[in-house]
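Reproduced below: coords-v5.txt, with compact mmCIF, C-alpha atoms.
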```
# COMPACT_ATOMS: atom_id res chain seq x y z
CA MET A 255 -13.22 -4.92 -24.14
CA ARG A 256 -15.89 -2.68 -25.68
CA CYS A 257 -19.39 -4.12 -26.24
CA GLU A 258 -21.47 -2.81 -29.15
CA PRO A 259 -25.10 -3.83 -29.65
CA VAL A 260 -26.08 -5.22 -33.04
CA PHE A 261 -29.68 -4.68 -34.18
CA ALA A 262 -31.47 -6.61 -36.92
CA PRO A 263 -32.29 -4.46 -40.01
CA ASP A 264 -36.06 -4.96 -39.63
CA THR A 265 -36.14 -4.36 -35.87
CA LEU A 266 -37.84 -1.15 -34.78
CA PHE A 267 -38.32 -1.91 -31.10
CA GLY A 268 -36.81 -4.20 -28.51
CA GLY A 269 -33.30 -5.08 -27.56
CA PRO A 270 -30.30 -5.88 -29.70
CA ALA A 271 -30.04 -9.09 -31.70
CA GLY A 272 -26.45 -9.61 -30.56
CA TRP A 273 -23.18 -7.96 -29.52
CA ARG A 274 -19.83 -7.15 -31.08
CA LEU A 275 -16.75 -7.16 -28.85
CA TRP A 276 -13.66 -5.06 -29.53
CA VAL A 277 -10.24 -5.32 -27.88
CA THR A 278 -8.95 -1.96 -26.63
CA THR A 279 -5.90 -0.67 -24.78
CA GLY A 280 -8.13 0.95 -22.15
CA PRO A 281 -11.18 3.17 -21.63
CA ASP A 282 -9.58 6.11 -23.47
CA ASP A 283 -8.77 4.11 -26.62
CA LYS A 284 -10.89 5.51 -29.49
CA ASP A 285 -9.23 3.85 -32.50
CA TYR A 286 -9.83 0.21 -31.65
CA ARG A 287 -12.05 -0.43 -34.71
CA GLU A 288 -9.41 0.80 -37.17
CA ARG A 289 -6.73 -1.54 -35.77
CA GLN A 290 -8.73 -4.76 -36.07
CA GLN A 291 -10.03 -6.68 -39.04
CA ARG A 292 -13.07 -8.01 -37.22
CA ALA A 293 -14.89 -7.87 -33.93
CA TRP A 294 -14.74 -10.66 -31.37
CA SER A 295 -17.55 -13.00 -30.39
CA TRP A 296 -18.32 -14.09 -26.84
CA GLU A 297 -16.74 -17.45 -27.70
CA ASP A 298 -13.50 -15.64 -28.59
CA ALA A 299 -13.49 -13.79 -25.27
CA VAL A 300 -14.04 -16.77 -22.99
CA ARG A 301 -11.45 -18.94 -24.77
CA VAL A 302 -8.53 -16.51 -24.81
CA LEU A 303 -5.59 -18.20 -23.06
CA GLY A 304 -4.47 -16.73 -19.75
CA TRP A 305 -7.21 -14.12 -19.36
CA ASP A 306 -10.48 -14.17 -17.39
CA LEU A 307 -13.57 -12.03 -17.74
CA ASP A 308 -13.57 -9.36 -15.04
CA ARG A 309 -15.72 -6.46 -13.83
CA ALA A 310 -18.05 -4.47 -16.07
CA HIS A 311 -17.23 -0.96 -17.30
CA LEU A 312 -19.58 1.87 -18.26
CA ASP A 313 -18.70 5.39 -19.37
CA GLU A 314 -19.82 8.09 -21.79
CA HIS A 315 -18.54 6.04 -24.74
CA GLY A 316 -20.58 2.95 -23.98
CA GLU A 317 -20.38 -0.40 -22.22
CA GLY A 318 -17.58 -2.87 -21.81
CA PHE A 319 -15.73 -5.10 -19.41
CA TRP A 320 -12.19 -5.82 -18.33
CA LEU A 321 -10.08 -8.86 -19.13
CA GLU A 322 -7.81 -9.84 -16.24
CA ARG A 323 -4.47 -11.48 -16.96
CA THR A 324 -4.10 -14.59 -14.78
CA THR A 325 -1.13 -16.57 -13.50
CA ARG A 326 -1.61 -19.13 -16.25
CA ILE A 327 0.71 -16.85 -18.26
CA PRO A 328 3.44 -14.38 -17.21
CA ALA A 329 2.60 -10.75 -16.50
CA TRP A 330 2.65 -8.39 -19.46
CA GLY A 331 6.15 -7.05 -20.09
CA CYS A 332 7.92 -9.42 -17.70
CA GLY A 333 10.38 -11.92 -19.17
CA ILE A 334 11.42 -15.04 -17.27
CA THR A 335 14.57 -17.05 -17.95
CA THR A 336 15.59 -20.27 -16.18
CA ARG A 337 19.03 -21.80 -15.80
CA ALA A 338 19.55 -25.12 -14.05
CA ARG A 339 22.80 -26.18 -12.41
CA SER A 340 23.69 -29.43 -10.68
CA SER A 341 22.96 -28.02 -7.22
CA PHE A 342 20.45 -25.24 -7.84
CA THR A 343 18.11 -23.59 -10.35
CA ARG A 344 17.85 -19.84 -10.97
CA HIS A 345 14.81 -18.04 -12.36
CA VAL A 346 15.46 -14.45 -13.44
CA PHE A 347 12.62 -11.95 -13.91
CA ARG A 348 13.31 -8.95 -16.15
CA VAL A 349 11.23 -5.89 -16.92
CA ALA A 350 12.49 -3.42 -19.55
CA ARG A 351 15.71 -5.50 -19.74
CA CYS A 352 16.41 -4.88 -16.06
CA ARG A 353 16.44 -7.68 -13.48
CA VAL A 354 13.77 -7.08 -10.86
CA ALA A 355 13.65 -10.50 -9.17
CA LEU A 356 15.71 -13.67 -8.79
CA LEU A 357 14.27 -16.93 -7.51
CA ARG A 358 16.83 -19.53 -6.43
CA CYS A 359 15.71 -23.11 -5.83
CA PRO A 360 18.09 -25.70 -4.38
CA GLY A 361 18.45 -28.74 -6.61
CA GLU A 362 15.59 -29.43 -9.00
CA CYS A 363 12.49 -27.28 -8.72
CA SER A 364 9.44 -28.82 -7.07
CA HIS A 365 7.09 -26.05 -8.20
CA ASP A 366 5.44 -25.54 -11.59
CA THR A 367 5.50 -22.54 -13.91
CA GLU A 368 2.48 -20.99 -12.22
CA LEU A 369 4.69 -19.90 -9.32
CA LEU A 370 6.93 -18.03 -11.75
CA ASN A 371 3.91 -16.45 -13.40
CA ALA A 372 2.48 -15.41 -10.03
CA ILE A 373 5.74 -13.74 -9.02
CA SER A 374 5.86 -11.95 -12.37
CA HIS A 375 2.43 -10.47 -11.65
CA ALA A 376 3.82 -8.89 -8.48
CA CYS A 377 6.82 -7.37 -10.29
CA PRO A 378 6.88 -3.59 -10.86
CA GLY A 379 6.42 -2.00 -14.25
CA PRO A 380 9.15 -0.33 -16.34
CA GLU A 381 9.13 2.81 -14.19
CA GLY A 382 10.19 0.77 -11.16
CA ALA A 383 12.68 -1.51 -12.93
CA ASN A 384 16.05 0.05 -12.12
CA GLU A 385 19.09 -0.18 -9.85
CA GLU A 386 17.84 2.36 -7.33
CA ARG A 387 17.13 1.89 -3.63
CA ILE A 388 14.25 -0.23 -2.43
CA PRO A 389 11.58 2.10 -0.95
CA VAL A 390 10.60 -0.17 1.97
CA ARG A 391 12.29 -0.02 5.39
CA TRP A 392 13.52 -2.75 7.72
CA THR A 393 10.74 -1.88 10.17
CA GLN A 394 8.20 -3.12 7.58
CA ALA A 395 9.65 -6.63 7.49
CA PRO A 396 7.04 -8.16 9.86
CA GLU A 397 4.12 -6.97 7.75
CA MET A 398 5.72 -8.33 4.56
CA THR A 399 6.62 -11.73 5.99
CA PRO A 400 4.28 -14.52 4.77
CA PRO A 401 2.66 -16.54 7.55
CA PRO A 402 4.03 -20.05 8.11
CA THR A 403 2.45 -23.14 6.64
CA LYS A 404 2.54 -26.69 7.94
CA ARG A 405 6.02 -27.27 6.50
CA LEU A 406 7.34 -23.82 5.59
CA ARG A 407 8.68 -20.86 7.57
CA PHE A 408 9.54 -17.51 6.02
CA GLY A 409 11.99 -14.73 6.67
CA VAL A 410 12.29 -11.28 5.11
CA GLU A 411 15.60 -9.42 5.03
CA ILE A 412 15.58 -5.79 3.89
CA ARG A 413 18.73 -4.06 2.68
CA PRO A 414 19.11 -0.69 0.94
CA MET A 415 19.15 -2.24 -2.56
CA THR A 416 17.33 -5.56 -2.08
CA VAL A 417 14.56 -7.42 -0.29
CA ARG A 418 15.16 -11.11 0.27
CA VAL A 419 12.36 -13.56 1.06
CA THR A 420 13.59 -16.97 2.23
CA ALA A 421 11.42 -20.07 2.61
CA THR A 422 12.70 -22.83 4.91
CA GLU A 423 11.25 -26.33 4.87
CA ASP A 424 10.68 -28.06 8.21
CA MET A 425 12.83 -25.36 9.86
CA GLN A 426 15.98 -27.02 8.46
CA CYS A 427 16.68 -26.79 4.72
CA GLU A 428 16.15 -23.85 2.43
CA ALA A 429 13.24 -24.42 0.03
CA ALA A 430 13.60 -21.22 -2.02
CA GLN A 431 15.12 -17.76 -1.89
CA LEU A 432 13.54 -14.79 -3.68
CA THR A 433 15.61 -11.60 -4.12
CA LEU A 434 13.86 -8.41 -5.26
CA THR A 435 15.58 -5.33 -6.68
CA GLY A 436 14.45 -1.94 -7.98
CA SER A 437 12.57 1.09 -6.70
CA GLY A 438 9.21 -0.33 -7.79
CA TRP A 439 9.10 -2.89 -4.99
CA THR A 440 6.57 -1.36 -2.63
CA ALA A 441 5.42 -3.14 0.52
CA GLU A 442 2.28 -4.26 -1.32
CA ARG A 443 4.28 -5.81 -4.18
CA VAL A 444 6.69 -7.54 -1.78
CA ARG A 445 3.73 -9.03 0.10
CA ALA A 446 2.20 -10.24 -3.17
CA ALA A 447 5.46 -11.92 -4.24
CA GLY A 448 5.85 -13.52 -0.82
CA GLU A 449 2.27 -14.79 -0.83
CA ALA A 450 2.81 -16.29 -4.29
CA LEU A 451 5.91 -18.07 -2.99
CA ARG A 452 4.04 -19.33 0.06
CA ALA A 453 0.95 -20.59 -1.80
CA HIS A 454 2.68 -22.36 -4.67
CA LEU A 455 5.53 -23.85 -2.65
CA ALA A 456 3.07 -25.22 -0.12
CA ASP A 457 1.06 -26.83 -2.92
CA ALA A 458 4.21 -28.30 -4.46
CA LEU A 459 5.38 -29.77 -1.16
CA ALA A 460 1.93 -31.24 -0.50
CA THR A 461 2.04 -33.17 -3.78
CA THR A 462 5.66 -34.34 -3.52
CA HIS A 463 5.66 -35.54 0.09
```
Now that the file is in, can you turn its structure into structure tokens?
Amino acid sequence: MRCEPVFAPDTLFGGPAGWRLWVTTGPDDKDYRERQQRAWSWEDAVRVLGWDLDRAHLDEHGEGFWLERTTRIPAWGCGITTRARSSFTRHVFRVARCRVALLRCPGECSHDTELLNAISHACPGPEGANEERIPVRWTQAPEMTPPPTKRLRFGVEIRPMTVRVTATEDMQCEAAQLTLTGSGWTAERVRAAGEALRAHLADALATTH
């Protein structure tokens, strides 16, 4: 978001009378005024669904700030489809029409949509959405395994083409299984997806038990 000061016509000294906000595609975007019919107000910025105000930005073109996409909505460019069966539910995550993740829940899901959104934020972009080998190695499994919670234990299985994160409830029944595919799944992204699974499943179990 670019911030432009607005000065009153009869003001010779002092600060601006207000600000105009413009949505941009990034710091290098120079044509943001031509693409929009009007500037935003601060009320517009704070009420936009699924985005939070983030850090300030300053460069040779002026001032601004970032909007951060939150897990209240899916990540940009990631589509999520859900299919329920009598014994399980599947959530498929696609980027650039390629499946990058599959979450399988036994029976009916106990989690809400924020878990799906959080996983989508860990998914790679279009350059990493493919059917190529996963770049992580089996020796990295311990560092990508989420720590246990009161009711959940986690395991990470790394194969040449997939990473599988499994959550087990009370060390007996499977609570969820997350399978990741594509060359964009770095160790950092796998950890982020596992942490999302851990946090949201733990919250769901706490409210249903």
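Between Cys363 (chain A) and the residues A:Ala376, A:Met255, A:Arg337, A:Ala383, the shortest atom-to-atom distance, using all atoms listed in the file, involves A:Arg337.
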I'd like the contact shell of Asn384 (chain A) - 10 Å cut-off, only C-alpha atoms, skipping same-chain residues fewer than 2 positions apart - returned as a list in words. Val349, Ala350, Arg351, Cys352, Arg353, Val354, Pro378, Pro380, Glu381, Gly382, Glu386, Arg387, Ile388, Thr435, Gly436, Ser437 and Gly438 of chain A
Show which residues sit within 8 Å of Leu357 (chain A), as a PyMOL selection string. Count all atoms listed in the file, and ignore same-chain residues fewer than 5 positions away. chain A and resi 344-346+430-433
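Near Glu317 (chain A), within 8 Å and counting all atoms listed in the file, sit Arg256, Cys257, Glu258, Ala310, His311, Leu312, Asp313, His315 and Phe319 of chain A, not including residues fewer than 2 positions from it in the same chain.
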Near-Phe408 (chain A) list (8 Å; all atoms listed in the file; drop same-chain fewer than 5 positions) as a PyMOL selection string: chain A and resi 399-402+419-422
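If all atoms listed in the file are the atoms counted, then among A:Glu288, A:Glu449, A:Asp457, A:Asp264 the closest residue to Ala372 (chain A) is A:Glu449.
Ranking A:Val260, A:Ser374, A:Leu455, A:Ala355 by their shortest atom-to-atom distance to Arg418 (chain A), with only C-alpha atoms included, puts A:Ala355 first.
Nearest to Ala299 (chain A) of all the residues A:Glu322, A:Thr343, A:Ala446, A:Thr393 is A:Glu322, counting all atoms listed in the file.
CA of Thr324 (chain A) is positioned 26.8 Å from CA of Arg405 (chain A).
Across the model, the gap from CA of Leu321 (chain A) to CA of Leu307 (chain A) is 4.9 Å.
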So that I can check the surroundings of Gly333 (chain A), please list as a PDB file with C-alpha atoms, keeping the file's coordinate frame every protein, DNA and RNA residue that reaches within 8 Å of it, counting all atoms listed in the file and ignoring chain neighbours fewer than 3 positions away.
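The resulting file, selection_23.pdb, is reproduced below:
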```
ATOM      1  CA  PRO A 328       3.440 -14.380 -17.210  1.00  0.00           C
ATOM      2  CA  PHE A 347      12.620 -11.950 -13.910  1.00  0.00           C
ATOM      3  CA  ARG A 348      13.310  -8.950 -16.150  1.00  0.00           C
ATOM      4  CA  VAL A 349      11.230  -5.890 -16.920  1.00  0.00           C
TER       5      VAL A 349
END
```
Any idea what the distance is between CA of Leu370 (chain A) and CA of Thr336 (chain A)? 10.0 Å
